[in-house]
file upload_24.pdb (PDB, N, CA and C atoms, pLDDT in the B column)
ATOM      1  N   MET L1142     278.864  84.820 128.955  1.00 72.00           N
ATOM      2  CA  MET L1142     278.124  83.978 129.873  1.00 72.00           C
ATOM      3  C   MET L1142     277.113  83.116 129.118  1.00 72.00           C
ATOM      4  N   ASN L1143     276.449  83.726 128.123  1.00 87.00           N
ATOM      5  CA  ASN L1143     275.466  82.979 127.346  1.00 87.00           C
ATOM      6  C   ASN L1143     276.109  81.837 126.571  1.00 87.00           C
ATOM      7  N   THR L1144     277.266  82.073 126.000  1.00 90.00           N
ATOM      8  CA  THR L1144     277.924  81.013 125.232  1.00 90.00           C
ATOM      9  C   THR L1144     278.362  79.875 126.142  1.00 90.00           C
ATOM     10  N   ARG L1145     278.745  80.209 127.356  1.00 89.00           N
ATOM     11  CA  ARG L1145     279.151  79.163 128.302  1.00 89.00           C
ATOM     12  C   ARG L1145     277.953  78.285 128.669  1.00 89.00           C
ATOM     13  N   ILE L1146     276.809  78.891 128.906  1.00 89.00           N
ATOM     14  CA  ILE L1146     275.595  78.141 129.246  1.00 89.00           C
ATOM     15  C   ILE L1146     275.147  77.303 128.058  1.00 89.00           C
ATOM     16  N   LEU L1147     275.179  77.885 126.866  1.00 88.00           N
ATOM     17  CA  LEU L1147     274.789  77.129 125.673  1.00 88.00           C
ATOM     18  C   LEU L1147     275.734  75.956 125.428  1.00 88.00           C
ATOM     19  N   THR L1148     277.009  76.158 125.652  1.00 91.00           N
ATOM     20  CA  THR L1148     277.976  75.075 125.486  1.00 91.00           C
ATOM     21  C   THR L1148     277.724  73.971 126.502  1.00 91.00           C
ATOM     22  N   LEU L1149     277.463  74.356 127.745  1.00 89.00           N
ATOM     23  CA  LEU L1149     277.156  73.369 128.779  1.00 89.00           C
ATOM     24  C   LEU L1149     275.890  72.588 128.446  1.00 89.00           C
ATOM     25  N   LEU L1150     274.857  73.276 127.979  1.00 88.00           N
ATOM     26  CA  LEU L1150     273.618  72.602 127.593  1.00 88.00           C
ATOM     27  C   LEU L1150     273.836  71.669 126.411  1.00 88.00           C
ATOM     28  N   ALA L1151     274.638  72.096 125.457  1.00 87.00           N
ATOM     29  CA  ALA L1151     274.922  71.245 124.298  1.00 87.00           C
ATOM     30  C   ALA L1151     275.674  69.986 124.710  1.00 87.00           C
ATOM     31  N   VAL L1152     276.652  70.143 125.587  1.00 87.00           N
ATOM     32  CA  VAL L1152     277.413  68.982 126.066  1.00 87.00           C
ATOM     33  C   VAL L1152     276.512  68.054 126.873  1.00 87.00           C
ATOM     34  N   ALA L1153     275.685  68.620 127.748  1.00 86.00           N
ATOM     35  CA  ALA L1153     274.775  67.808 128.555  1.00 86.00           C
ATOM     36  C   ALA L1153     273.771  67.076 127.672  1.00 86.00           C
ATOM     37  N   GLY L1154     273.256  67.759 126.660  1.00 83.00           N
ATOM     38  CA  GLY L1154     272.323  67.119 125.736  1.00 83.00           C
ATOM     39  C   GLY L1154     272.976  66.005 124.942  1.00 83.00           C
ATOM     40  N   THR L1155     274.197  66.232 124.509  1.00 83.00           N
ATOM     41  CA  THR L1155     274.920  65.200 123.763  1.00 83.00           C
ATOM     42  C   THR L1155     275.168  63.972 124.628  1.00 83.00           C
ATOM     43  N   LEU L1156     275.607  64.190 125.855  1.00 80.00           N
ATOM     44  CA  LEU L1156     275.837  63.063 126.760  1.00 80.00           C
ATOM     45  C   LEU L1156     274.532  62.343 127.096  1.00 80.00           C
ATOM     46  N   GLY L1157     273.465  63.105 127.267  1.00 77.00           N
ATOM     47  CA  GLY L1157     272.168  62.500 127.558  1.00 77.00           C
ATOM     48  C   GLY L1157     271.665  61.642 126.418  1.00 77.00           C
ATOM     49  N   LEU L1158     271.831  62.123 125.198  1.00 77.00           N
ATOM     50  CA  LEU L1158     271.393  61.339 124.046  1.00 77.00           C
ATOM     51  C   LEU L1158     272.307  60.145 123.786  1.00 77.00           C
ATOM     52  N   ALA L1159     273.572  60.272 124.100  1.00 73.00           N
ATOM     53  CA  ALA L1159     274.504  59.160 123.907  1.00 73.00           C
ATOM     54  C   ALA L1159     274.159  57.997 124.830  1.00 73.00           C
ATOM     55  N   ALA L1160     273.622  58.303 125.993  1.00 67.00           N
ATOM     56  CA  ALA L1160     273.255  57.244 126.931  1.00 67.00           C
ATOM     57  C   ALA L1160     272.047  56.453 126.448  1.00 67.00           C
ATOM     58  N   CYS L1161     271.238  57.039 125.584  1.00 72.00           N
ATOM     59  CA  CYS L1161     270.043  56.369 125.084  1.00 72.00           C
ATOM     60  C   CYS L1161     270.329  55.529 123.840  1.00 72.00           C
ATOM     61  N   GLY L1162     271.542  55.539 123.358  1.00 70.00           N
ATOM     62  CA  GLY L1162     271.846  54.871 122.102  1.00 70.00           C
ATOM     63  C   GLY L1162     272.345  53.450 122.243  1.00 70.00           C
ATOM     64  N   GLU L1163     271.945  52.734 123.289  1.00 73.00           N
ATOM     65  CA  GLU L1163     272.415  51.363 123.460  1.00 73.00           C
ATOM     66  C   GLU L1163     271.771  50.456 122.419  1.00 73.00           C
ATOM     67  N   ARG L1164     272.586  49.663 121.784  1.00 77.00           N
ATOM     68  CA  ARG L1164     272.089  48.731 120.772  1.00 77.00           C
ATOM     69  C   ARG L1164     271.837  47.375 121.417  1.00 77.00           C
ATOM     70  N   PRO L1165     270.835  46.632 120.940  1.00 80.00           N
ATOM     71  CA  PRO L1165     270.617  45.287 121.481  1.00 80.00           C
ATOM     72  C   PRO L1165     271.789  44.375 121.121  1.00 80.00           C
ATOM     73  N   GLN L1166     272.157  43.513 122.050  1.00 81.00           N
ATOM     74  CA  GLN L1166     273.276  42.605 121.839  1.00 81.00           C
ATOM     75  C   GLN L1166     272.731  41.217 121.538  1.00 81.00           C
ATOM     76  N   ILE L1167     272.719  40.877 120.275  1.00 84.00           N
ATOM     77  CA  ILE L1167     272.182  39.598 119.833  1.00 84.00           C
ATOM     78  C   ILE L1167     273.330  38.749 119.300  1.00 84.00           C
ATOM     79  N   VAL L1168     273.432  37.539 119.820  1.00 77.00           N
ATOM     80  CA  VAL L1168     274.491  36.633 119.389  1.00 77.00           C
ATOM     81  C   VAL L1168     273.973  35.802 118.225  1.00 77.00           C
ATOM     82  N   GLU L1169     274.749  35.744 117.174  1.00 79.00           N
ATOM     83  CA  GLU L1169     274.384  34.922 116.026  1.00 79.00           C
ATOM     84  C   GLU L1169     275.216  33.648 116.058  1.00 79.00           C
ATOM     85  N   TYR L1170     274.544  32.506 116.158  1.00 76.00           N
ATOM     86  CA  TYR L1170     275.236  31.227 116.166  1.00 76.00           C
ATOM     87  C   TYR L1170     275.344  30.727 114.736  1.00 76.00           C
ATOM     88  N   LYS L1171     276.559  30.426 114.335  1.00 76.00           N
ATOM     89  CA  LYS L1171     276.795  29.958 112.975  1.00 76.00           C
ATOM     90  C   LYS L1171     277.264  28.514 113.026  1.00 76.00           C
ATOM     91  N   GLN L1172     276.581  27.660 112.289  1.00 78.00           N
ATOM     92  CA  GLN L1172     276.939  26.251 112.251  1.00 78.00           C
ATOM     93  C   GLN L1172     278.319  26.090 111.624  1.00 78.00           C
ATOM     94  N   GLY L1173     279.127  25.237 112.203  1.00 76.00           N
ATOM     95  CA  GLY L1173     280.459  25.006 111.686  1.00 76.00           C
ATOM     96  C   GLY L1173     281.505  25.883 112.330  1.00 76.00           C
ATOM     97  N   GLN L1174     281.084  26.873 113.088  1.00 74.00           N
ATOM     98  CA  GLN L1174     282.015  27.745 113.791  1.00 74.00           C
ATOM     99  C   GLN L1174     282.238  27.197 115.202  1.00 74.00           C
ATOM    100  N   TYR L1175     283.270  27.647 115.855  1.00 73.00           N
ATOM    101  CA  TYR L1175     283.567  27.218 117.218  1.00 73.00           C
ATOM    102  C   TYR L1175     282.423  27.620 118.144  1.00 73.00           C
ATOM    103  N   GLN L1176     281.867  26.680 118.855  1.00 72.00           N
ATOM    104  CA  GLN L1176     280.725  26.927 119.732  1.00 72.00           C
ATOM    105  C   GLN L1176     281.106  26.873 121.211  1.00 72.00           C
ATOM    106  N   GLY L1177     282.379  26.795 121.507  1.00 76.00           N
ATOM    107  CA  GLY L1177     282.811  26.692 122.899  1.00 76.00           C
ATOM    108  C   GLY L1177     283.173  25.258 123.226  1.00 76.00           C
ATOM    109  N   LYS L1178     283.808  25.066 124.345  1.00 78.00           N
ATOM    110  CA  LYS L1178     284.210  23.709 124.702  1.00 78.00           C
ATOM    111  C   LYS L1178     283.045  22.980 125.350  1.00 78.00           C
ATOM    112  N   ALA L1179     283.048  21.695 125.197  1.00 80.00           N
ATOM    113  CA  ALA L1179     281.997  20.874 125.805  1.00 80.00           C
ATOM    114  C   ALA L1179     282.224  20.818 127.312  1.00 80.00           C
ATOM    115  N   ASP L1180     281.160  20.960 128.077  1.00 82.00           N
ATOM    116  CA  ASP L1180     281.271  20.904 129.530  1.00 82.00           C
ATOM    117  C   ASP L1180     281.242  19.457 130.003  1.00 82.00           C
ATOM    118  N   THR L1181     281.914  19.214 131.106  1.00 87.00           N
ATOM    119  CA  THR L1181     281.849  17.900 131.734  1.00 87.00           C
ATOM    120  C   THR L1181     280.870  17.981 132.891  1.00 87.00           C
ATOM    121  N   ARG L1182     280.410  16.832 133.307  1.00 89.00           N
ATOM    122  CA  ARG L1182     279.489  16.805 134.439  1.00 89.00           C
ATOM    123  C   ARG L1182     280.266  17.092 135.721  1.00 89.00           C
ATOM    124  N   PRO L1183     279.602  17.641 136.734  1.00 88.00           N
ATOM    125  CA  PRO L1183     280.317  18.033 137.955  1.00 88.00           C
ATOM    126  C   PRO L1183     281.001  16.860 138.656  1.00 88.00           C
ATOM    127  N   TRP L1184     280.429  15.683 138.592  1.00 88.00           N
ATOM    128  CA  TRP L1184     280.989  14.536 139.301  1.00 88.00           C
ATOM    129  C   TRP L1184     282.101  13.841 138.511  1.00 88.00           C
ATOM    130  N   GLU L1185     282.405  14.326 137.310  1.00 90.00           N
ATOM    131  CA  GLU L1185     283.460  13.712 136.506  1.00 90.00           C
ATOM    132  C   GLU L1185     284.835  14.317 136.775  1.00 90.00           C
ATOM    133  N   GLY L1186     284.927  15.232 137.725  1.00 87.00           N
ATOM    134  CA  GLY L1186     286.205  15.858 138.052  1.00 87.00           C
ATOM    135  C   GLY L1186     287.086  14.934 138.884  1.00 87.00           C
ATOM    136  N   PRO L1187     288.285  15.383 139.207  1.00 90.00           N
ATOM    137  CA  PRO L1187     289.215  14.534 139.960  1.00 90.00           C
ATOM    138  C   PRO L1187     288.768  14.264 141.398  1.00 90.00           C
ATOM    139  N   ALA L1188     287.905  15.104 141.954  1.00 89.00           N
ATOM    140  CA  ALA L1188     287.486  14.912 143.347  1.00 89.00           C
ATOM    141  C   ALA L1188     286.575  13.695 143.507  1.00 89.00           C
ATOM    142  N   PHE L1189     285.710  13.426 142.536  1.00 90.00           N
ATOM    143  CA  PHE L1189     284.734  12.338 142.663  1.00 90.00           C
ATOM    144  C   PHE L1189     284.972  11.209 141.670  1.00 90.00           C
ATOM    145  N   LYS L1190     285.810  11.397 140.701  1.00 90.00           N
ATOM    146  CA  LYS L1190     286.222  10.365 139.742  1.00 90.00           C
ATOM    147  C   LYS L1190     285.039   9.664 139.082  1.00 90.00           C
ATOM    148  N   GLY L1191     284.019  10.421 138.724  1.00 90.00           N
ATOM    149  CA  GLY L1191     282.871   9.863 138.013  1.00 90.00           C
ATOM    150  C   GLY L1191     281.805   9.256 138.904  1.00 90.00           C
ATOM    151  N   ASP L1192     281.933   9.361 140.217  1.00 93.00           N
ATOM    152  CA  ASP L1192     280.958   8.780 141.141  1.00 93.00           C
ATOM    153  C   ASP L1192     279.856   9.800 141.417  1.00 93.00           C
ATOM    154  N   LYS L1193     278.736   9.638 140.717  1.00 94.00           N
ATOM    155  CA  LYS L1193     277.634  10.593 140.834  1.00 94.00           C
ATOM    156  C   LYS L1193     276.993  10.544 142.220  1.00 94.00           C
ATOM    157  N   VAL L1194     276.874   9.351 142.785  1.00 96.00           N
ATOM    158  CA  VAL L1194     276.236   9.209 144.102  1.00 96.00           C
ATOM    159  C   VAL L1194     277.064   9.920 145.173  1.00 96.00           C
ATOM    160  N   ALA L1195     278.379   9.777 145.109  1.00 95.00           N
ATOM    161  CA  ALA L1195     279.239  10.462 146.083  1.00 95.00           C
ATOM    162  C   ALA L1195     279.122  11.972 145.926  1.00 95.00           C
ATOM    163  N   TRP L1196     279.023  12.446 144.697  1.00 94.00           N
ATOM    164  CA  TRP L1196     278.865  13.885 144.458  1.00 94.00           C
ATOM    165  C   TRP L1196     277.544  14.382 145.034  1.00 94.00           C
ATOM    166  N   GLU L1197     276.455  13.608 144.798  1.00 95.00           N
ATOM    167  CA  GLU L1197     275.149  14.001 145.338  1.00 95.00           C
ATOM    168  C   GLU L1197     275.165  14.010 146.861  1.00 95.00           C
ATOM    169  N   ASN L1198     275.822  13.019 147.467  1.00 96.00           N
ATOM    170  CA  ASN L1198     275.911  12.981 148.931  1.00 96.00           C
ATOM    171  C   ASN L1198     276.719  14.161 149.467  1.00 96.00           C
ATOM    172  N   ALA L1199     277.811  14.503 148.802  1.00 95.00           N
ATOM    173  CA  ALA L1199     278.619  15.644 149.232  1.00 95.00           C
ATOM    174  C   ALA L1199     277.830  16.941 149.100  1.00 95.00           C
ATOM    175  N   LEU L1200     277.062  17.065 148.033  1.00 94.00           N
ATOM    176  CA  LEU L1200     276.242  18.257 147.826  1.00 94.00           C
ATOM    177  C   LEU L1200     275.144  18.349 148.881  1.00 94.00           C
ATOM    178  N   ARG L1201     274.515  17.217 149.166  1.00 93.00           N
ATOM    179  CA  ARG L1201     273.465  17.188 150.189  1.00 93.00           C
ATOM    180  C   ARG L1201     274.049  17.546 151.561  1.00 93.00           C
ATOM    181  N   ASN L1202     275.226  16.996 151.869  1.00 92.00           N
ATOM    182  CA  ASN L1202     275.880  17.293 153.145  1.00 92.00           C
ATOM    183  C   ASN L1202     276.251  18.772 153.234  1.00 92.00           C
ATOM    184  N   ARG L1203     276.732  19.334 152.140  1.00 92.00           N
ATOM    185  CA  ARG L1203     277.088  20.755 152.126  1.00 92.00           C
ATOM    186  C   ARG L1203     275.850  21.621 152.355  1.00 92.00           C
ATOM    187  N   ASN L1204     274.749  21.265 151.702  1.00 89.00           N
ATOM    188  CA  ASN L1204     273.512  22.033 151.877  1.00 89.00           C
ATOM    189  C   ASN L1204     273.008  21.943 153.311  1.00 89.00           C
ATOM    190  N   GLN L1205     273.077  20.753 153.899  1.00 87.00           N
ATOM    191  CA  GLN L1205     272.614  20.597 155.273  1.00 87.00           C
ATOM    192  C   GLN L1205     273.522  21.335 156.256  1.00 87.00           C
ATOM    193  N   SER L1206     274.807  21.451 155.939  1.00 86.00           N
ATOM    194  CA  SER L1206     275.725  22.176 156.820  1.00 86.00           C
ATOM    195  C   SER L1206     275.443  23.676 156.804  1.00 86.00           C
ATOM    196  N   GLN L1207     274.834  24.163 155.734  1.00 85.00           N
ATOM    197  CA  GLN L1207     274.502  25.582 155.640  1.00 85.00           C
ATOM    198  C   GLN L1207     273.110  25.885 156.191  1.00 85.00           C
ATOM    199  N   ASN L1208     272.376  24.859 156.577  1.00 79.00           N
ATOM    200  CA  ASN L1208     271.029  25.020 157.095  1.00 79.00           C
ATOM    201  C   ASN L1208     271.107  25.478 158.555  1.00 79.00           C
ATOM    202  N   GLU L1209     270.590  26.653 158.851  1.00 79.00           N
ATOM    203  CA  GLU L1209     270.657  27.204 160.205  1.00 79.00           C
ATOM    204  C   GLU L1209     269.873  26.354 161.204  1.00 79.00           C
ATOM    205  N   TYR L1210     268.762  25.783 160.785  1.00 76.00           N
ATOM    206  CA  TYR L1210     267.962  24.979 161.702  1.00 76.00           C
ATOM    207  C   TYR L1210     268.718  23.732 162.137  1.00 76.00           C
ATOM    208  N   LYS L1211     269.474  23.147 161.227  1.00 67.00           N
ATOM    209  CA  LYS L1211     270.252  21.958 161.569  1.00 67.00           C
ATOM    210  C   LYS L1211     271.407  22.316 162.501  1.00 67.00           C
ATOM    211  N   ARG L1212     272.020  23.488 162.306  1.00 67.00           N
ATOM    212  CA  ARG L1212     273.168  23.868 163.129  1.00 67.00           C
ATOM    213  C   ARG L1212     272.747  24.242 164.548  1.00 67.00           C
ATOM    214  N   VAL L1213     271.535  24.727 164.731  1.00 73.00           N
ATOM    215  CA  VAL L1213     271.073  25.150 166.055  1.00 73.00           C
ATOM    216  C   VAL L1213     270.736  23.943 166.915  1.00 73.00           C
ATOM    217  N   GLU L1214     270.228  22.894 166.321  1.00 67.00           N
ATOM    218  CA  GLU L1214     269.804  21.708 167.086  1.00 67.00           C
ATOM    219  C   GLU L1214     270.943  21.020 167.772  1.00 67.00           C
TER     220      GLU L1214
END
call {"tool": "encode", "arguments": {"input": "upload_24.pdb", "output": "structure tokens"}}
result
Amino acid sequence: MNTRILTLLAVAGTLGLAACGERPQIVEYKQGQYQGKADTRPWEGPAFKGDKVAWENALRNRNQSQNEYKRVE
């Protein structure tokens, strides 16, 4: 019985200490290495074809459609 309890305590202690061993995740950026693809602006997609004003109007309309005060009136 004693060996079973000691084994359980040892396993619990090992698992408890393993949870505390998280290492910090730091990204190192190296010049000349692949840095990811360049992003395009939201209004440059096929839906708006580069028209920023139309994109802003669509975004404003979408926001107003989600406004509860506007929908109740």
call {"tool": "atom_distance", "arguments": {"input": "upload_24.pdb", "atom1": "atom C of Pro1183 of chain L", "atom2": "atom C of Arg1203 of chain L"}}
result
15.4 Å
call {"tool": "atom_distance", "arguments": {"input": "upload_24.pdb", "atom1": "atom C of Asn1143 of chain L", "atom2": "atom C of Leu1158 of chain L"}}
result
22.2 Å
call {"tool": "select_by_dssp", "arguments": {"input": "upload_24.pdb", "residues": "chain L", "states": "alpha helix (DSSP H)", "output": "JSON, numbers by chain"}}
result
{"L": [1143, 1144, 1145, 1146, 1147, 1148, 1149, 1150, 1151, 1152, 1153, 1154, 1155, 1156, 1157, 1158, 1159, 1160, 1193, 1194, 1195, 1196, 1197, 1198, 1199, 1200, 1201, 1202, 1203, 1204, 1205, 1206, 1209, 1210, 1211, 1212, 1213]}
call {"tool": "write_last_selection", "arguments": {"input": "upload_24.pdb", "atoms": "N, CA and C atoms", "output": "compact mmCIF listing (two decimals), in the frame of the given file"}}
result
# COMPACT_ATOMS: atom_id res chain seq x y z
N ASN L 1143 276.45 83.73 128.12
CA ASN L 1143 275.47 82.98 127.35
C ASN L 1143 276.11 81.84 126.57
N THR L 1144 277.27 82.07 126.00
CA THR L 1144 277.92 81.01 125.23
C THR L 1144 278.36 79.88 126.14
N ARG L 1145 278.74 80.21 127.36
CA ARG L 1145 279.15 79.16 128.30
C ARG L 1145 277.95 78.28 128.67
N ILE L 1146 276.81 78.89 128.91
CA ILE L 1146 275.60 78.14 129.25
C ILE L 1146 275.15 77.30 128.06
N LEU L 1147 275.18 77.89 126.87
CA LEU L 1147 274.79 77.13 125.67
C LEU L 1147 275.73 75.96 125.43
N THR L 1148 277.01 76.16 125.65
CA THR L 1148 277.98 75.08 125.49
C THR L 1148 277.72 73.97 126.50
N LEU L 1149 277.46 74.36 127.74
CA LEU L 1149 277.16 73.37 128.78
C LEU L 1149 275.89 72.59 128.45
N LEU L 1150 274.86 73.28 127.98
CA LEU L 1150 273.62 72.60 127.59
C LEU L 1150 273.84 71.67 126.41
N ALA L 1151 274.64 72.10 125.46
CA ALA L 1151 274.92 71.24 124.30
C ALA L 1151 275.67 69.99 124.71
N VAL L 1152 276.65 70.14 125.59
CA VAL L 1152 277.41 68.98 126.07
C VAL L 1152 276.51 68.05 126.87
N ALA L 1153 275.68 68.62 127.75
CA ALA L 1153 274.77 67.81 128.56
C ALA L 1153 273.77 67.08 127.67
N GLY L 1154 273.26 67.76 126.66
CA GLY L 1154 272.32 67.12 125.74
C GLY L 1154 272.98 66.00 124.94
N THR L 1155 274.20 66.23 124.51
CA THR L 1155 274.92 65.20 123.76
C THR L 1155 275.17 63.97 124.63
N LEU L 1156 275.61 64.19 125.86
CA LEU L 1156 275.84 63.06 126.76
C LEU L 1156 274.53 62.34 127.10
N GLY L 1157 273.46 63.10 127.27
CA GLY L 1157 272.17 62.50 127.56
C GLY L 1157 271.67 61.64 126.42
N LEU L 1158 271.83 62.12 125.20
CA LEU L 1158 271.39 61.34 124.05
C LEU L 1158 272.31 60.14 123.79
N ALA L 1159 273.57 60.27 124.10
CA ALA L 1159 274.50 59.16 123.91
C ALA L 1159 274.16 58.00 124.83
N ALA L 1160 273.62 58.30 125.99
CA ALA L 1160 273.26 57.24 126.93
C ALA L 1160 272.05 56.45 126.45
N LYS L 1193 278.74 9.64 140.72
CA LYS L 1193 277.63 10.59 140.83
C LYS L 1193 276.99 10.54 142.22
N VAL L 1194 276.87 9.35 142.78
CA VAL L 1194 276.24 9.21 144.10
C VAL L 1194 277.06 9.92 145.17
N ALA L 1195 278.38 9.78 145.11
CA ALA L 1195 279.24 10.46 146.08
C ALA L 1195 279.12 11.97 145.93
N TRP L 1196 279.02 12.45 144.70
CA TRP L 1196 278.86 13.88 144.46
C TRP L 1196 277.54 14.38 145.03
N GLU L 1197 276.46 13.61 144.80
CA GLU L 1197 275.15 14.00 145.34
C GLU L 1197 275.17 14.01 146.86
N ASN L 1198 275.82 13.02 147.47
CA ASN L 1198 275.91 12.98 148.93
C ASN L 1198 276.72 14.16 149.47
N ALA L 1199 277.81 14.50 148.80
CA ALA L 1199 278.62 15.64 149.23
C ALA L 1199 277.83 16.94 149.10
N LEU L 1200 277.06 17.07 148.03
CA LEU L 1200 276.24 18.26 147.83
C LEU L 1200 275.14 18.35 148.88
N ARG L 1201 274.52 17.22 149.17
CA ARG L 1201 273.46 17.19 150.19
C ARG L 1201 274.05 17.55 151.56
N ASN L 1202 275.23 17.00 151.87
CA ASN L 1202 275.88 17.29 153.15
C ASN L 1202 276.25 18.77 153.23
N ARG L 1203 276.73 19.33 152.14
CA ARG L 1203 277.09 20.76 152.13
C ARG L 1203 275.85 21.62 152.35
N ASN L 1204 274.75 21.26 151.70
CA ASN L 1204 273.51 22.03 151.88
C ASN L 1204 273.01 21.94 153.31
N GLN L 1205 273.08 20.75 153.90
CA GLN L 1205 272.61 20.60 155.27
C GLN L 1205 273.52 21.34 156.26
N SER L 1206 274.81 21.45 155.94
CA SER L 1206 275.73 22.18 156.82
C SER L 1206 275.44 23.68 156.80
N GLU L 1209 270.59 26.65 158.85
CA GLU L 1209 270.66 27.20 160.21
C GLU L 1209 269.87 26.35 161.20
N TYR L 1210 268.76 25.78 160.78
CA TYR L 1210 267.96 24.98 161.70
C TYR L 1210 268.72 23.73 162.14
N LYS L 1211 269.47 23.15 161.23
CA LYS L 1211 270.25 21.96 161.57
C LYS L 1211 271.41 22.32 162.50
N ARG L 1212 272.02 23.49 162.31
CA ARG L 1212 273.17 23.87 163.13
C ARG L 1212 272.75 24.24 164.55
N VAL L 1213 271.54 24.73 164.73
CA VAL L 1213 271.07 25.15 166.06
C VAL L 1213 270.74 23.94 166.92
call {"tool": "atom_distance", "arguments": {"input": "upload_24.pdb", "atom1": "atom CA of Arg1182 of chain L", "atom2": "atom CA of Asn1198 of chain L"}}
result
15.4 Å
